[in-house]
Amino acid sequence: MIRDEVLKAIKKHIPKDVPVTLSVPEDSRFGHYATNVAFALSKKESKPPLAIAEHIASAVTGSKPPVISRATAAAPGFVNFFIKPEALQGELNEIAKAKKKYGVSKERKGEKMQVEFVSANPTGPLTLANGRGGFLGDVLANVLEAAGASVEREFYVNDTGNQIFTLGKSLLAAGGFVPDEENLYKGEYVSEWATKHKTDVKKFRGDPMKLGERAAKDFLKLIQRALEKEAHIKFDRYTSEKAIHAKGYAKKALALFKKKGATYESEGAVWLKTTAHGDDKDRVVITKGGFPTYFLADAGHYLETKARGFKAKINILGPDHYGYVARIQAAAKLVGLPKSDVLITQAVRLIRGGEEVKMSKRKGNFVTFEEVVEEVGADAARFFFLSVSPTSHLDFNLDLAKERSKKNPVYYAQYALVRAKGVLGKVQISKSKFQKNSDLSLLNTLDDAALLFQLSRFPEVLADAAATYEVHRLTQYASTLARAFHNFYEKEHVLGEVPALAAARLALVRGSMVIFENLFRILSISAPEKM
């Protein structure tokens with residue numbers, strides 16, 4: 001990556017223990033990359049940041065690194081780096097050679113990882129929070145695979161326990177067999193199922209758990225359809241909580257905890273010492289009635305994950321699970337899973353006509369994820385859900401998501417690809433001949449150079465997403481790349497230029513198409529031929 005070469009050039013002129021980060025300035029007048037490392041050195045060396053920045057800029061420029069044309073200092077202490085045109089042009093040749101493999105790395109080769117996401121209770125339709133985690137997990141798995149990891153996508157099905165018992169009671173209440181209660185599941189979908197399956201409701205009127213399990217199978221099928229068929233979110237495995245108990249993993253986890261001296265008895269229950277691993281209080285694993293808790297089943301699930309050979313697990317949870325992070329991390333540590341990460345997504349608000357949408361037309365008490373996907377389409381839903389960091393609240397503008405204009409970021413990005421394909425479709429001779437014979441030094445206008453630079457950034461954006469799990473970097477990059485391409489397309493001639501320049505520009509368009517297709521493949525959005 002070009003960025004790595006810049007980092008290498010900087011590190012030659014600063015102490016080894018000082019970390020360096022690079023950013024891309026919004027204004028191209030400040031270079032292709034910039035660093036604020038002078039501020040960290042200022043404290044260490046008791047010198048003004050600008051003086052240190054000037055020293056670094058002079059030293060880097062004087063050492064004549066292969067990709068940097070010059071480095072400059074800017075107040076109050078930034079160092080800006082300008083990349084040599086030939087380095088960017090050379091990267092276009094790399095794109096032409098690597099094609100689908102451009103940006104792919106072996107950074108995480110040999111890592112066997114599991115990404116668990118959605119894992120919604122099969123007690124009704126998916127919520128918006130479920131959908132946000134679904135898109136995040138799906139794309140994160142793609143990103144990690146592009147970095148060389150072996151990844152399993154898992155949905156953990158809570159098909160037993162209190163929530164299933166409550167579902168059964170809710171259906172009995174809807175059927176008139178028991179009184180309604182405040183804590184029961186509401187919504188049209190409950191009464192619809194109870195009406196459609198009167199025979200089952202009557203058959204299991206004395207066993208809410210059995211009835212809940214029967215209905216949960218149907219609701220899981222609806223969840224799977226919404227995720228895989230409507231939203232194109234893939235899973236490799238659906239793991240049953242009942243199976244975790246049946247295979248003895250919850251008992252094995254408990255035995256392991258006891259062996260490690262991590263449990264104790266109090267108030268008739270068995271507790272796990274999760275406070276020893278950062279939790280705010282210890283957690284019950286066996287109730288005073290002798291029943292395993294939901295948390296013990298989760299611990300057993302983590303043990304099962306480790307037993308199947310996984311070295312790392314990423315668990316994506318919704319906004320109501322903050323209190324669960326420390327305890328599940330404690331369980332992961334105790335069962336011996338080498339690496340465990342938990343990502344929490346924030347809430348989603350739907351906006352229509354400038355106002356928040358709170359109610360569903362069909363379900364009554366909340367808007368379902370499936371309804372949103374149906375209304376705006378899978379591509380727009382995916383792009384908008386991934387448009388900001390999952391740690392930020394998301395305002396989802398339904399009107400904008402359906403708009404076919406440059407204001408809509410997914411339309412804007414896809415339209416850039418369509419334009420590139422349109423240009424290449426008009427070329428009568430082979431594209432490879434254009435690339436082979438093109439003189440890329442002719443790509444010297446501001447818009448040529450801006451597009452070249454953005455294309456060269458794809459590997460670093462992908463690498464950053466794999467390292468930080470921040471897949472919103474990819475949607476933001478898609479918007480930046482689309483803007484660079486549209487500017488190029490609208491200001492520079494391609495087919496009407498003299499043959500040598502036309503060949504160079506066609507190589508640039510071809511490279512753009514490759515990067516857009518690679519990016520859309522990672523994001524799992526469609527790459528249309530026309531719009």
# chains A, B, ... in the order shown; residues from 1 in each chain; ligands from 1
>>> closest_atom_pairs(of="stretch 95-117 of chain A", to="stretch 304-315 of chain A", cutoff="8 Å", atoms="only C-alpha atoms", output="CSV")
residue,atom,partner,partner_atom,distance
A:Glu111,CA,A:Lys311,CA,6.9
A:Lys112,CA,A:Phe310,CA,5.2
A:Met113,CA,A:Ala312,CA,4.8
A:Gln114,CA,A:Lys313,CA,4.7
A:Val115,CA,A:Ile314,CA,4.8
A:Glu116,CA,A:Asn315,CA,4.8
A:Phe117,CA,A:Asn315,CA,6.1
>>> residues_around(residues="A:Gly90", least_positions_apart="2", cutoff="12 Å", atoms="only C-alpha atoms", output="CSV table (one decimal) with C-alpha atoms, in the first residue's frame")
chain,number,residue,atom,x,y,z
A,1,MET,CA,0.0,0.0,0.0
A,2,ILE,CA,1.2,3.5,-0.8
A,66,PRO,CA,10.1,6.2,-3.6
A,67,VAL,CA,6.5,7.3,-3.4
A,83,ILE,CA,2.5,11.4,-3.6
A,84,LYS,CA,4.5,11.1,-6.8
A,85,PRO,CA,2.2,10.9,-9.9
A,86,GLU,CA,4.1,7.9,-11.2
A,87,ALA,CA,3.4,6.0,-7.9
A,88,LEU,CA,-0.3,6.5,-8.4
A,92,LEU,CA,-3.4,1.7,-11.7
A,93,ASN,CA,-1.3,-1.0,-13.4
A,94,GLU,CA,-1.5,-3.1,-10.2
A,95,ILE,CA,-5.3,-2.8,-10.3
A,96,ALA,CA,-5.3,-4.0,-13.9
A,97,LYS,CA,-3.2,-7.0,-13.0
A,435,GLN,CA,-4.2,-0.8,-20.8
A,438,SER,CA,-1.5,3.4,-22.6
A,439,ASP,CA,0.9,6.0,-21.4
A,440,LEU,CA,-0.4,6.7,-17.9
A,441,SER,CA,1.9,9.7,-17.5
A,443,LEU,CA,-3.1,11.3,-16.6
A,452,LEU,CA,-6.1,7.9,-9.2
A,453,PHE,CA,-5.4,8.6,-5.6
A,455,LEU,CA,-8.5,4.2,-6.4
A,456,SER,CA,-5.1,3.5,-4.7
A,507,ALA,CA,-7.3,2.5,-18.4
A,508,LEU,CA,-8.4,4.8,-15.6
A,511,GLY,CA,-9.5,0.6,-13.0
>>> select_by_dssp(residues="stretch 64-246 of chain A", states="helix (DSSP H, G or I)", output="short mmCIF file (atom, residue, chain, number, x, y, z; two decimals) with N, CA and C atoms, in the first residue's frame")
data_model
loop_
_atom_site.label_atom_id
_atom_site.label_comp_id
_atom_site.auth_asym_id
_atom_site.auth_seq_id
_atom_site.Cartn_x
_atom_site.Cartn_y
_atom_site.Cartn_z
N PRO A 85 3.16 11.35 -8.88
CA PRO A 85 2.17 10.91 -9.89
C PRO A 85 2.47 9.51 -10.41
N GLU A 86 3.77 9.22 -10.64
CA GLU A 86 4.10 7.92 -11.20
C GLU A 86 3.78 6.77 -10.24
N ALA A 87 3.78 7.07 -8.92
CA ALA A 87 3.41 6.04 -7.94
C ALA A 87 1.93 5.71 -8.05
N LEU A 88 1.10 6.74 -8.21
CA LEU A 88 -0.34 6.54 -8.38
C LEU A 88 -0.64 5.87 -9.71
N GLN A 89 0.08 6.28 -10.73
CA GLN A 89 -0.13 5.67 -12.05
C GLN A 89 0.29 4.20 -12.03
N GLY A 90 1.35 3.91 -11.30
CA GLY A 90 1.79 2.52 -11.17
C GLY A 90 0.76 1.66 -10.46
N GLU A 91 0.04 2.28 -9.52
CA GLU A 91 -0.99 1.54 -8.80
C GLU A 91 -2.14 1.15 -9.72
N LEU A 92 -2.38 1.98 -10.73
CA LEU A 92 -3.42 1.65 -11.71
C LEU A 92 -3.03 0.39 -12.48
N ASN A 93 -1.76 0.23 -12.75
CA ASN A 93 -1.30 -1.01 -13.39
C ASN A 93 -1.51 -2.22 -12.48
N GLU A 94 -1.30 -2.01 -11.18
CA GLU A 94 -1.52 -3.09 -10.22
C GLU A 94 -2.99 -3.50 -10.19
N ILE A 95 -3.89 -2.53 -10.27
CA ILE A 95 -5.33 -2.81 -10.30
C ILE A 95 -5.66 -3.64 -11.54
N ALA A 96 -5.07 -3.25 -12.67
CA ALA A 96 -5.33 -3.97 -13.92
C ALA A 96 -4.84 -5.41 -13.85
N LYS A 97 -3.74 -5.64 -13.15
CA LYS A 97 -3.20 -7.00 -13.02
C LYS A 97 -4.00 -7.85 -12.04
N ALA A 98 -4.29 -7.27 -10.88
CA ALA A 98 -4.90 -8.05 -9.80
C ALA A 98 -6.41 -8.23 -9.97
N LYS A 99 -7.07 -7.25 -10.56
CA LYS A 99 -8.52 -7.27 -10.78
C LYS A 99 -9.26 -7.61 -9.46
N LYS A 100 -9.98 -8.73 -9.41
CA LYS A 100 -10.79 -9.06 -8.23
C LYS A 100 -9.96 -9.23 -6.96
N LYS A 101 -8.68 -9.52 -7.13
CA LYS A 101 -7.82 -9.74 -5.96
C LYS A 101 -7.18 -8.46 -5.44
N LEU A 128 -35.47 -3.09 13.92
CA LEU A 128 -34.46 -2.32 13.18
C LEU A 128 -33.06 -2.56 13.75
N ALA A 129 -32.97 -2.72 15.08
CA ALA A 129 -31.67 -3.00 15.70
C ALA A 129 -31.13 -4.34 15.22
N ASN A 130 -32.02 -5.34 15.09
CA ASN A 130 -31.59 -6.64 14.54
C ASN A 130 -31.01 -6.46 13.15
N GLY A 131 -31.70 -5.66 12.33
CA GLY A 131 -31.26 -5.44 10.96
C GLY A 131 -29.93 -4.73 10.88
N ARG A 132 -29.73 -3.76 11.76
CA ARG A 132 -28.46 -3.03 11.76
C ARG A 132 -27.31 -3.97 12.08
N GLY A 133 -27.51 -4.81 13.08
CA GLY A 133 -26.48 -5.79 13.42
C GLY A 133 -26.30 -6.83 12.33
N GLY A 134 -27.40 -7.13 11.61
CA GLY A 134 -27.32 -8.10 10.52
C GLY A 134 -26.43 -7.64 9.39
N PHE A 135 -26.63 -6.42 8.94
CA PHE A 135 -25.79 -5.88 7.86
C PHE A 135 -24.35 -5.73 8.32
N LEU A 136 -24.16 -5.29 9.56
CA LEU A 136 -22.81 -5.12 10.10
C LEU A 136 -22.07 -6.45 10.11
N GLY A 137 -22.70 -7.49 10.64
CA GLY A 137 -22.05 -8.79 10.72
C GLY A 137 -21.76 -9.39 9.37
N ASP A 138 -22.70 -9.22 8.44
CA ASP A 138 -22.55 -9.78 7.10
C ASP A 138 -21.35 -9.17 6.39
N VAL A 139 -21.23 -7.84 6.43
CA VAL A 139 -20.13 -7.17 5.74
C VAL A 139 -18.81 -7.35 6.49
N LEU A 140 -18.86 -7.36 7.82
CA LEU A 140 -17.64 -7.59 8.58
C LEU A 140 -17.04 -8.96 8.24
N ALA A 141 -17.89 -9.96 8.09
CA ALA A 141 -17.39 -11.28 7.70
C ALA A 141 -16.73 -11.23 6.33
N ASN A 142 -17.32 -10.49 5.39
CA ASN A 142 -16.71 -10.33 4.07
C ASN A 142 -15.34 -9.66 4.18
N VAL A 143 -15.26 -8.63 5.01
CA VAL A 143 -14.01 -7.88 5.19
C VAL A 143 -12.92 -8.78 5.77
N LEU A 144 -13.26 -9.56 6.78
CA LEU A 144 -12.28 -10.43 7.41
C LEU A 144 -11.82 -11.53 6.46
N GLU A 145 -12.72 -12.03 5.63
CA GLU A 145 -12.33 -13.01 4.61
C GLU A 145 -11.39 -12.39 3.59
N ALA A 146 -11.64 -11.14 3.23
CA ALA A 146 -10.75 -10.45 2.30
C ALA A 146 -9.37 -10.24 2.89
N ASN A 162 -37.10 -18.68 29.14
CA ASN A 162 -38.23 -17.86 29.55
C ASN A 162 -38.91 -17.13 28.40
N GLN A 163 -38.12 -16.66 27.41
CA GLN A 163 -38.73 -15.91 26.31
C GLN A 163 -39.64 -16.80 25.45
N ILE A 164 -39.31 -18.09 25.35
CA ILE A 164 -40.15 -19.02 24.59
C ILE A 164 -41.40 -19.37 25.41
N PHE A 165 -41.23 -19.52 26.72
CA PHE A 165 -42.38 -19.75 27.61
C PHE A 165 -43.35 -18.56 27.53
N THR A 166 -42.77 -17.35 27.53
CA THR A 166 -43.60 -16.14 27.44
C THR A 166 -44.33 -16.07 26.10
N LEU A 167 -43.66 -16.49 25.03
CA LEU A 167 -44.32 -16.52 23.73
C LEU A 167 -45.52 -17.46 23.76
N GLY A 168 -45.34 -18.62 24.39
CA GLY A 168 -46.45 -19.56 24.50
C GLY A 168 -47.62 -18.97 25.26
N LYS A 169 -47.33 -18.32 26.37
CA LYS A 169 -48.41 -17.68 27.15
C LYS A 169 -49.09 -16.57 26.35
N SER A 170 -48.30 -15.84 25.56
CA SER A 170 -48.86 -14.76 24.75
C SER A 170 -49.86 -15.32 23.73
N LEU A 171 -49.53 -16.45 23.15
CA LEU A 171 -50.42 -17.08 22.17
C LEU A 171 -51.66 -17.64 22.84
N LEU A 172 -51.50 -18.17 24.05
CA LEU A 172 -52.66 -18.65 24.80
C LEU A 172 -53.59 -17.50 25.17
N ALA A 173 -52.99 -16.35 25.52
CA ALA A 173 -53.81 -15.17 25.83
C ALA A 173 -54.55 -14.70 24.59
N ALA A 174 -53.86 -14.72 23.44
CA ALA A 174 -54.50 -14.31 22.19
C ALA A 174 -55.63 -15.25 21.81
N GLU A 188 -49.89 -7.55 16.16
CA GLU A 188 -50.78 -8.28 15.26
C GLU A 188 -50.27 -9.67 14.94
N TYR A 189 -48.95 -9.81 14.87
CA TYR A 189 -48.38 -11.10 14.49
C TYR A 189 -48.73 -12.20 15.49
N VAL A 190 -48.89 -11.84 16.78
CA VAL A 190 -49.24 -12.83 17.81
C VAL A 190 -50.66 -13.36 17.58
N SER A 191 -51.60 -12.44 17.42
CA SER A 191 -52.99 -12.85 17.20
C SER A 191 -53.15 -13.56 15.86
N GLU A 192 -52.38 -13.14 14.84
CA GLU A 192 -52.44 -13.80 13.53
C GLU A 192 -52.02 -15.26 13.63
N TRP A 193 -50.92 -15.51 14.34
CA TRP A 193 -50.44 -16.89 14.46
C TRP A 193 -51.43 -17.72 15.28
N ALA A 194 -51.94 -17.15 16.38
CA ALA A 194 -52.88 -17.89 17.23
C ALA A 194 -54.15 -18.25 16.46
N THR A 195 -54.61 -17.34 15.61
CA THR A 195 -55.81 -17.60 14.81
C THR A 195 -55.54 -18.66 13.75
N LYS A 196 -54.42 -18.57 13.10
CA LYS A 196 -54.07 -19.50 12.03
C LYS A 196 -53.80 -20.91 12.56
N LYS A 198 -55.10 -22.47 15.48
CA LYS A 198 -56.02 -22.71 16.62
C LYS A 198 -55.85 -24.11 17.20
N THR A 199 -55.64 -25.07 16.32
CA THR A 199 -55.50 -26.46 16.77
C THR A 199 -54.30 -26.62 17.70
N ASP A 200 -53.16 -26.03 17.32
CA ASP A 200 -51.97 -26.11 18.16
C ASP A 200 -52.15 -25.38 19.48
N VAL A 201 -52.79 -24.21 19.43
CA VAL A 201 -53.02 -23.44 20.66
C VAL A 201 -53.87 -24.24 21.64
N LYS A 202 -54.89 -24.88 21.10
CA LYS A 202 -55.77 -25.70 21.95
C LYS A 202 -55.04 -26.93 22.46
N LYS A 203 -54.26 -27.57 21.58
CA LYS A 203 -53.53 -28.78 21.93
C LYS A 203 -52.55 -28.55 23.08
N PRO A 208 -47.40 -24.01 27.97
CA PRO A 208 -46.94 -22.82 27.24
C PRO A 208 -45.57 -23.00 26.58
N MET A 209 -44.67 -23.77 27.22
CA MET A 209 -43.34 -23.95 26.64
C MET A 209 -43.41 -24.71 25.32
N LYS A 210 -44.19 -25.78 25.28
CA LYS A 210 -44.34 -26.55 24.04
C LYS A 210 -44.96 -25.69 22.95
N LEU A 211 -45.96 -24.90 23.32
CA LEU A 211 -46.62 -24.03 22.34
C LEU A 211 -45.63 -22.98 21.84
N GLY A 212 -44.86 -22.40 22.75
CA GLY A 212 -43.87 -21.41 22.36
C GLY A 212 -42.83 -21.99 21.42
N GLU A 213 -42.37 -23.22 21.70
CA GLU A 213 -41.39 -23.87 20.83
C GLU A 213 -41.97 -24.14 19.45
N ARG A 214 -43.26 -24.52 19.42
CA ARG A 214 -43.91 -24.78 18.12
C ARG A 214 -43.97 -23.49 17.30
N ALA A 215 -44.36 -22.39 17.93
CA ALA A 215 -44.48 -21.11 17.21
C ALA A 215 -43.11 -20.56 16.84
N ALA A 216 -42.13 -20.76 17.71
CA ALA A 216 -40.79 -20.22 17.47
C ALA A 216 -40.20 -20.78 16.18
N LYS A 217 -40.51 -22.03 15.84
CA LYS A 217 -40.02 -22.61 14.59
C LYS A 217 -40.55 -21.83 13.39
N ASP A 218 -41.82 -21.45 13.46
CA ASP A 218 -42.41 -20.67 12.36
C ASP A 218 -41.81 -19.28 12.29
N PHE A 219 -41.65 -18.65 13.46
CA PHE A 219 -41.09 -17.29 13.47
C PHE A 219 -39.64 -17.29 13.01
N LEU A 220 -38.90 -18.36 13.32
CA LEU A 220 -37.52 -18.45 12.85
C LEU A 220 -37.47 -18.53 11.33
N LYS A 221 -38.40 -19.26 10.73
CA LYS A 221 -38.46 -19.34 9.27
C LYS A 221 -38.72 -17.96 8.66
N LEU A 222 -39.60 -17.18 9.30
CA LEU A 222 -39.88 -15.82 8.82
C LEU A 222 -38.64 -14.94 8.95
N ILE A 223 -37.91 -15.11 10.07
CA ILE A 223 -36.68 -14.35 10.29
C ILE A 223 -35.64 -14.72 9.23
N GLN A 224 -35.50 -16.01 8.96
CA GLN A 224 -34.54 -16.46 7.95
C GLN A 224 -34.89 -15.91 6.57
N ARG A 225 -36.18 -15.90 6.24
CA ARG A 225 -36.59 -15.36 4.95
C ARG A 225 -36.27 -13.88 4.85
N ALA A 226 -36.57 -13.13 5.91
CA ALA A 226 -36.30 -11.69 5.90
C ALA A 226 -34.82 -11.41 5.75
N LEU A 227 -33.99 -12.19 6.42
CA LEU A 227 -32.54 -11.96 6.38
C LEU A 227 -31.92 -12.42 5.06
N GLU A 228 -32.19 -13.67 4.69
CA GLU A 228 -31.47 -14.26 3.57
C GLU A 228 -32.11 -13.94 2.21
N LYS A 229 -33.42 -13.99 2.16
CA LYS A 229 -34.10 -13.76 0.87
C LYS A 229 -34.31 -12.28 0.58
N GLU A 230 -34.72 -11.52 1.59
CA GLU A 230 -35.03 -10.11 1.37
C GLU A 230 -33.80 -9.21 1.48
N GLU A 241 -29.98 -23.08 21.03
CA GLU A 241 -29.71 -23.08 22.47
C GLU A 241 -30.08 -24.42 23.08
N LYS A 242 -31.20 -25.00 22.61
CA LYS A 242 -31.60 -26.32 23.10
C LYS A 242 -30.51 -27.35 22.82
N ALA A 243 -29.88 -27.25 21.65
CA ALA A 243 -28.82 -28.19 21.29
C ALA A 243 -27.59 -28.01 22.17
N ILE A 244 -27.31 -26.78 22.56
CA ILE A 244 -26.18 -26.52 23.48
C ILE A 244 -26.40 -27.27 24.79
N HIS A 245 -27.64 -27.22 25.28
CA HIS A 245 -27.96 -27.98 26.50
C HIS A 245 -27.92 -29.48 26.23
N ALA A 246 -28.53 -29.91 25.10
CA ALA A 246 -28.63 -31.33 24.79
C ALA A 246 -27.25 -31.97 24.62
#
>>> atom_distance(atom1="atom CA of A:Ala331", atom2="atom CA of A:Thr263")
11.7 Å
>>> atom_distance(atom1="atom CA of A:Gly278", atom2="atom CA of A:Asp17")
29.2 Å
>>> closest_residue(among="A:Leu343, A:Pro25, A:Val509, A:Glu54", to="A:Leu495", atoms="only C-alpha atoms")
A:Val509
>>> closest_atom_pairs(of="stretch 198-260 of chain A", to="stretch 284-290 of chain A", cutoff="12 Å", atoms="only C-alpha atoms", output="tab-separated table")
residue	atom	partner	partner_atom	distance
A:Ala250	CA	A:Val285	CA	9.6
A:Lys251	CA	A:Val285	CA	10.4
A:Ala253	CA	A:Val285	CA	10.1
A:Leu254	CA	A:Val285	CA	7.9
A:Ala255	CA	A:Val285	CA	11.4
A:Phe257	CA	A:Val285	CA	10.2
A:Lys258	CA	A:Val285	CA	11.3
>>> residues_around(residues="A:Lys421", least_positions_apart="4", cutoff="10 Å", atoms="only C-alpha atoms", output="list in words")
Tyr415, Ala416, Leu417, Gly425, Lys426, Val509, Arg510, Ser512, Met513, Pro528, Glu529 and Lys530 of chain A
>>> write_last_selection(atoms="N, CA and C atoms", output="mmCIF file, in the first residue's frame")
data_model
loop_
_atom_site.group_PDB
_atom_site.id
_atom_site.type_symbol
_atom_site.label_atom_id
_atom_site.label_comp_id
_atom_site.auth_asym_id
_atom_site.auth_seq_id
_atom_site.Cartn_x
_atom_site.Cartn_y
_atom_site.Cartn_z
ATOM 1 N N TYR A 415 -24.339 4.627 -9.621
ATOM 2 C CA TYR A 415 -24.395 5.347 -10.895
ATOM 3 C C TYR A 415 -22.989 5.609 -11.444
ATOM 4 N N ALA A 416 -22.025 5.771 -10.543
ATOM 5 C CA ALA A 416 -20.630 5.942 -10.985
ATOM 6 C C ALA A 416 -20.167 4.684 -11.714
ATOM 7 N N LEU A 417 -20.500 3.521 -11.167
ATOM 8 C CA LEU A 417 -20.131 2.267 -11.827
ATOM 9 C C LEU A 417 -20.839 2.135 -13.177
ATOM 10 N N GLY A 425 -18.281 0.161 -22.530
ATOM 11 C CA GLY A 425 -19.128 -0.536 -23.479
ATOM 12 C C GLY A 425 -19.077 0.058 -24.869
ATOM 13 N N LYS A 426 -18.660 1.312 -24.975
ATOM 14 C CA LYS A 426 -18.577 1.974 -26.281
ATOM 15 C C LYS A 426 -17.260 1.706 -27.000
ATOM 16 N N VAL A 509 -10.687 4.503 -16.374
ATOM 17 C CA VAL A 509 -12.093 4.113 -16.233
ATOM 18 C C VAL A 509 -12.190 2.623 -15.905
ATOM 19 N N ARG A 510 -11.384 1.833 -16.596
ATOM 20 C CA ARG A 510 -11.370 0.390 -16.338
ATOM 21 C C ARG A 510 -10.969 0.106 -14.894
ATOM 22 N N SER A 512 -11.353 2.078 -12.395
ATOM 23 C CA SER A 512 -12.466 2.515 -11.544
ATOM 24 C C SER A 512 -13.542 1.443 -11.462
ATOM 25 N N MET A 513 -13.849 0.838 -12.610
ATOM 26 C CA MET A 513 -14.852 -0.221 -12.629
ATOM 27 C C MET A 513 -14.433 -1.394 -11.724
ATOM 28 N N PRO A 528 -25.026 -2.726 -10.818
ATOM 29 C CA PRO A 528 -25.929 -2.676 -11.973
ATOM 30 C C PRO A 528 -25.214 -2.343 -13.278
ATOM 31 N N GLU A 529 -25.819 -2.805 -14.383
ATOM 32 C CA GLU A 529 -25.319 -2.493 -15.717
ATOM 33 C C GLU A 529 -25.848 -1.150 -16.198
ATOM 34 N N LYS A 530 -27.074 -0.828 -15.803
ATOM 35 C CA LYS A 530 -27.675 0.462 -16.161
ATOM 36 C C LYS A 530 -28.678 0.864 -15.104
#
>>> residues_around(residues="stretch 406-412 of chain A", least_positions_apart="2", cutoff="8 Å", atoms="only C-alpha atoms", output="short mmCIF file (atom, residue, chain, number, x, y, z; two decimals) with N, CA and C atoms, in the first residue's frame")
data_model
loop_
_atom_site.label_atom_id
_atom_site.label_comp_id
_atom_site.auth_asym_id
_atom_site.auth_seq_id
_atom_site.Cartn_x
_atom_site.Cartn_y
_atom_site.Cartn_z
N ASP A 379 -30.38 -2.93 -1.32
CA ASP A 379 -29.14 -2.15 -1.48
C ASP A 379 -29.16 -0.88 -0.65
N ALA A 380 -30.25 -0.13 -0.75
CA ALA A 380 -30.34 1.13 -0.01
C ALA A 380 -30.38 0.87 1.48
N PHE A 383 -26.81 -0.03 2.62
CA PHE A 383 -25.91 1.12 2.56
C PHE A 383 -26.22 2.12 3.67
N PHE A 384 -27.49 2.41 3.90
CA PHE A 384 -27.87 3.39 4.91
C PHE A 384 -27.60 2.87 6.32
N LEU A 400 -35.08 9.78 1.50
CA LEU A 400 -33.79 9.85 0.80
C LEU A 400 -33.37 8.49 0.27
N ALA A 401 -33.63 7.44 1.04
CA ALA A 401 -33.23 6.09 0.63
C ALA A 401 -33.93 5.66 -0.65
N LYS A 402 -35.09 6.22 -0.93
CA LYS A 402 -35.84 5.86 -2.14
C LYS A 402 -35.59 6.82 -3.29
N GLU A 403 -34.90 7.92 -3.02
CA GLU A 403 -34.68 8.94 -4.05
C GLU A 403 -33.61 8.50 -5.05
N ARG A 404 -33.89 8.69 -6.32
CA ARG A 404 -32.93 8.33 -7.37
C ARG A 404 -32.21 9.60 -7.84
N GLN A 414 -23.55 3.67 -7.16
CA GLN A 414 -23.87 2.71 -8.21
C GLN A 414 -23.90 3.38 -9.59
N TYR A 415 -24.34 4.63 -9.62
CA TYR A 415 -24.39 5.35 -10.89
C TYR A 415 -22.99 5.61 -11.44
N ALA A 416 -22.02 5.77 -10.54
CA ALA A 416 -20.63 5.94 -10.99
C ALA A 416 -20.17 4.68 -11.71
N SER A 479 -18.68 6.69 -1.18
CA SER A 479 -19.17 8.03 -1.51
C SER A 479 -18.04 8.93 -1.99
N ALA A 482 -16.99 7.74 -5.47
CA ALA A 482 -18.01 8.12 -6.46
C ALA A 482 -17.90 9.59 -6.82
#
>>> closest_residue(among="A:Pro292, A:Gly103, A:Gly323, A:Gly175", to="A:Ala466", atoms="only C-alpha atoms")
A:Gly103
>>> closest_residue(among="A:Asn397, A:Pro390, A:Lys339, A:Phe485", to="A:Val357", atoms="only C-alpha atoms")
A:Asn397
>>> atom_distance(atom1="atom CA of A:Pro459", atom2="atom CA of A:Arg473")
12.0 Å
>>> select_by_dssp(residues="stretch 226-281 of chain A", states="strand (DSSP E)", output="list of chain:residue names")
A:Arg237, A:Tyr238, A:Thr239, A:Ser240, A:Thr263, A:Tyr264, A:Glu265, A:Ser266, A:Ala269, A:Val270, A:Trp271, A:Leu272
>>> residues_around(residues="A:Lys12", least_positions_apart="2", cutoff="10 Å", atoms="only C-alpha atoms", output="mmCIF file with N, CA and C atoms, in the first residue's frame")
data_model
loop_
_atom_site.group_PDB
_atom_site.id
_atom_site.type_symbol
_atom_site.label_atom_id
_atom_site.label_comp_id
_atom_site.auth_asym_id
_atom_site.auth_seq_id
_atom_site.Cartn_x
_atom_site.Cartn_y
_atom_site.Cartn_z
ATOM 1 N N LEU A 7 4.311 5.811 5.763
ATOM 2 C CA LEU A 7 4.578 5.538 7.180
ATOM 3 C C LEU A 7 6.036 5.120 7.383
ATOM 4 N N LYS A 8 6.526 4.294 6.486
ATOM 5 C CA LYS A 8 7.914 3.831 6.570
ATOM 6 C C LYS A 8 8.885 5.009 6.464
ATOM 7 N N ALA A 9 8.570 5.941 5.574
ATOM 8 C CA ALA A 9 9.444 7.111 5.381
ATOM 9 C C ALA A 9 9.464 7.987 6.630
ATOM 10 N N ILE A 10 8.314 8.131 7.291
ATOM 11 C CA ILE A 10 8.237 8.955 8.507
ATOM 12 C C ILE A 10 9.024 8.303 9.634
ATOM 13 N N ILE A 14 11.917 9.476 13.212
ATOM 14 C CA ILE A 14 11.371 9.722 14.555
ATOM 15 C C ILE A 14 11.721 8.533 15.446
ATOM 16 N N PRO A 15 11.661 8.691 16.775
ATOM 17 C CA PRO A 15 11.950 7.566 17.680
ATOM 18 C C PRO A 15 11.020 6.382 17.420
ATOM 19 N N LYS A 16 11.530 5.166 17.617
ATOM 20 C CA LYS A 16 10.767 3.951 17.311
ATOM 21 C C LYS A 16 9.527 3.783 18.184
ATOM 22 N N ILE A 56 10.744 17.133 10.294
ATOM 23 C CA ILE A 56 10.316 15.866 9.687
ATOM 24 C C ILE A 56 10.109 16.047 8.180
ATOM 25 N N ALA A 59 13.444 16.309 6.453
ATOM 26 C CA ALA A 59 14.171 15.043 6.469
ATOM 27 C C ALA A 59 13.570 14.045 5.488
ATOM 28 N N VAL A 60 12.232 13.957 5.463
ATOM 29 C CA VAL A 60 11.569 13.021 4.544
ATOM 30 C C VAL A 60 11.823 13.416 3.094
ATOM 31 N N SER A 63 15.385 12.650 2.012
ATOM 32 C CA SER A 63 15.755 11.237 1.865
ATOM 33 C C SER A 63 15.222 10.621 0.575
#
